Amino acid sequence: MRLMFDQCLYFNTSALARRLEREWAEAFEPFGVTPPQGFMLRAILDRPGMLQRELSEALSIARPTATRALDGLEERGYIERRRVEGDGREVAIFPTAQAQAIKRPLNEASGAVTARLKDRMGGSTFAETVQKIRVVRSALE
């Protein structure tokens, strides 16, 4: 049965986003973080000292959204913020020792989700889909 929204980009990407949210929520739950916080923490662990502005740009999110996610990570003891010398408006983000301790299992949990998705979809379909989504996202920015 065809639905009236079968050709709707919004409907299909929203449904996909909800499904992926559940996958990563389950993966990141042992660490006490949401999927957005999990990906943010992975980025911070990969590039300690990244400016909040750079983090927002890298994750394609608004600064207030980044601030809320960072607040949660800070409350859980995973990050610390430091003012940048010479520019009191800029904040650099650093992982704590607690975050460093979960870096590998956090990356493995995320990698396991990706592996499951590749297995279900097929590796080439997965790669093509991600690439096409990136092209669409770039075209709409």
# chains A, B, ... in the order shown; residues from 1 in each chain; ligands from 1

$ residues_around --residues "region 37-45 of chain A" --least-positions-apart "6" --cutoff "8 Å" --atoms "only C-alpha atoms" --output "ChimeraX atom specification"
/A:28,55,59,69-70,72-73,78,93-95,99-100,103,106-107

$ select_by_dssp --residues "chain A" --states "strand (DSSP E or B)" --output "ChimeraX atom specification"
/A:50-51,79-84,87-95

$ write_last_selection --atoms "N, CA, C and O atoms" --output "PDB file, in the first residue's frame"
ATOM      1  N   MET A  50      38.927  21.880  21.534  1.00  0.00           N
ATOM      2  CA  MET A  50      38.127  22.469  20.453  1.00  0.00           C
ATOM      3  C   MET A  50      37.278  23.602  21.033  1.00  0.00           C
ATOM      4  O   MET A  50      36.756  23.497  22.138  1.00  0.00           O
ATOM      5  N   LEU A  51      37.173  24.682  20.283  1.00  0.00           N
ATOM      6  CA  LEU A  51      36.327  25.790  20.714  1.00  0.00           C
ATOM      7  C   LEU A  51      34.862  25.396  20.551  1.00  0.00           C
ATOM      8  O   LEU A  51      34.505  24.625  19.651  1.00  0.00           O
ATOM      9  N   ILE A  79      33.245  16.596  30.750  1.00  0.00           N
ATOM     10  CA  ILE A  79      33.987  17.689  30.105  1.00  0.00           C
ATOM     11  C   ILE A  79      34.236  18.816  31.084  1.00  0.00           C
ATOM     12  O   ILE A  79      33.577  18.923  32.115  1.00  0.00           O
ATOM     13  N   GLU A  80      35.174  19.655  30.715  1.00  0.00           N
ATOM     14  CA  GLU A  80      35.358  20.929  31.406  1.00  0.00           C
ATOM     15  C   GLU A  80      35.538  22.005  30.353  1.00  0.00           C
ATOM     16  O   GLU A  80      36.087  21.755  29.279  1.00  0.00           O
ATOM     17  N   ARG A  81      35.055  23.171  30.676  1.00  0.00           N
ATOM     18  CA  ARG A  81      35.154  24.320  29.771  1.00  0.00           C
ATOM     19  C   ARG A  81      36.185  25.285  30.333  1.00  0.00           C
ATOM     20  O   ARG A  81      36.223  25.532  31.527  1.00  0.00           O
ATOM     21  N   ARG A  82      36.979  25.836  29.434  1.00  0.00           N
ATOM     22  CA  ARG A  82      37.986  26.814  29.833  1.00  0.00           C
ATOM     23  C   ARG A  82      37.894  28.031  28.929  1.00  0.00           C
ATOM     24  O   ARG A  82      37.846  27.892  27.702  1.00  0.00           O
ATOM     25  N   ARG A  83      37.891  29.189  29.529  1.00  0.00           N
ATOM     26  CA  ARG A  83      37.904  30.430  28.753  1.00  0.00           C
ATOM     27  C   ARG A  83      39.216  30.523  27.995  1.00  0.00           C
ATOM     28  O   ARG A  83      40.268  30.151  28.507  1.00  0.00           O
ATOM     29  N   VAL A  84      39.147  31.017  26.785  1.00  0.00           N
ATOM     30  CA  VAL A  84      40.331  31.187  25.954  1.00  0.00           C
ATOM     31  C   VAL A  84      40.996  32.504  26.316  1.00  0.00           C
ATOM     32  O   VAL A  84      40.331  33.542  26.376  1.00  0.00           O
ATOM     33  N   ASP A  87      40.349  36.200  24.681  1.00  0.00           N
ATOM     34  CA  ASP A  87      38.987  36.344  24.170  1.00  0.00           C
ATOM     35  C   ASP A  87      38.040  35.666  25.153  1.00  0.00           C
ATOM     36  O   ASP A  87      37.798  34.465  25.083  1.00  0.00           O
ATOM     37  N   GLY A  88      37.528  36.453  26.071  1.00  0.00           N
ATOM     38  CA  GLY A  88      36.661  35.929  27.121  1.00  0.00           C
ATOM     39  C   GLY A  88      35.357  35.343  26.623  1.00  0.00           C
ATOM     40  O   GLY A  88      34.657  34.670  27.361  1.00  0.00           O
ATOM     41  N   ARG A  89      35.035  35.587  25.353  1.00  0.00           N
ATOM     42  CA  ARG A  89      33.782  35.048  24.807  1.00  0.00           C
ATOM     43  C   ARG A  89      33.945  33.618  24.328  1.00  0.00           C
ATOM     44  O   ARG A  89      32.975  32.885  24.238  1.00  0.00           O
ATOM     45  N   GLU A  90      35.163  33.223  23.993  1.00  0.00           N
ATOM     46  CA  GLU A  90      35.410  31.878  23.466  1.00  0.00           C
ATOM     47  C   GLU A  90      35.682  30.894  24.600  1.00  0.00           C
ATOM     48  O   GLU A  90      36.350  31.223  25.570  1.00  0.00           O
ATOM     49  N   VAL A  91      35.149  29.682  24.417  1.00  0.00           N
ATOM     50  CA  VAL A  91      35.325  28.625  25.404  1.00  0.00           C
ATOM     51  C   VAL A  91      35.901  27.399  24.703  1.00  0.00           C
ATOM     52  O   VAL A  91      35.398  26.971  23.659  1.00  0.00           O
ATOM     53  N   ALA A  92      36.972  26.854  25.288  1.00  0.00           N
ATOM     54  CA  ALA A  92      37.557  25.611  24.784  1.00  0.00           C
ATOM     55  C   ALA A  92      37.014  24.461  25.627  1.00  0.00           C
ATOM     56  O   ALA A  92      36.810  24.608  26.829  1.00  0.00           O
ATOM     57  N   ILE A  93      36.778  23.327  24.984  1.00  0.00           N
ATOM     58  CA  ILE A  93      36.184  22.174  25.651  1.00  0.00           C
ATOM     59  C   ILE A  93      37.232  21.068  25.765  1.00  0.00           C
ATOM     60  O   ILE A  93      37.860  20.695  24.767  1.00  0.00           O
ATOM     61  N   PHE A  94      37.375  20.530  26.961  1.00  0.00           N
ATOM     62  CA  PHE A  94      38.342  19.470  27.208  1.00  0.00           C
ATOM     63  C   PHE A  94      37.655  18.277  27.870  1.00  0.00           C
ATOM     64  O   PHE A  94      36.805  18.459  28.747  1.00  0.00           O
ATOM     65  N   PRO A  95      38.041  17.069  27.477  1.00  0.00           N
ATOM     66  CA  PRO A  95      37.505  15.883  28.146  1.00  0.00           C
ATOM     67  C   PRO A  95      38.191  15.704  29.503  1.00  0.00           C
ATOM     68  O   PRO A  95      39.368  16.043  29.660  1.00  0.00           O
TER      69      PRO A  95
END

$ closest_residue --among "A:Pro105, A:Leu117, A:Ala139, A:Ala62" --to "Arg19 (chain A)" --atoms "only C-alpha atoms"
A:Leu117

$ select_by_dssp --residues "region 9-139 of chain A" --states "alpha helix (DSSP H)" --output "PyMOL selection string"
chain A and resi 9-28+35-46+52-59+63-75+97-121+123-139

$ closest_residue --among "A:Glu23, A:Ile133, A:Cys8, A:Val33" --to "Arg116 (chain A)" --atoms "only C-alpha atoms"
A:Glu23

$ atom_distance --atom1 "CA of Ala97 (chain A)" --atom2 "CA of Leu20 (chain A)"
29.0 Å

$ closest_residue --among "A:Arg47, A:Lys132, A:Arg18, A:Arg104" --to "Pro35 (chain A)" --atoms "only C-alpha atoms"
A:Arg18

$ closest_residue --among "A:Glu75, A:Asn12, A:Thr67, A:Ala17" --to "Gly32 (chain A)" --atoms "only C-alpha atoms"
A:Glu75
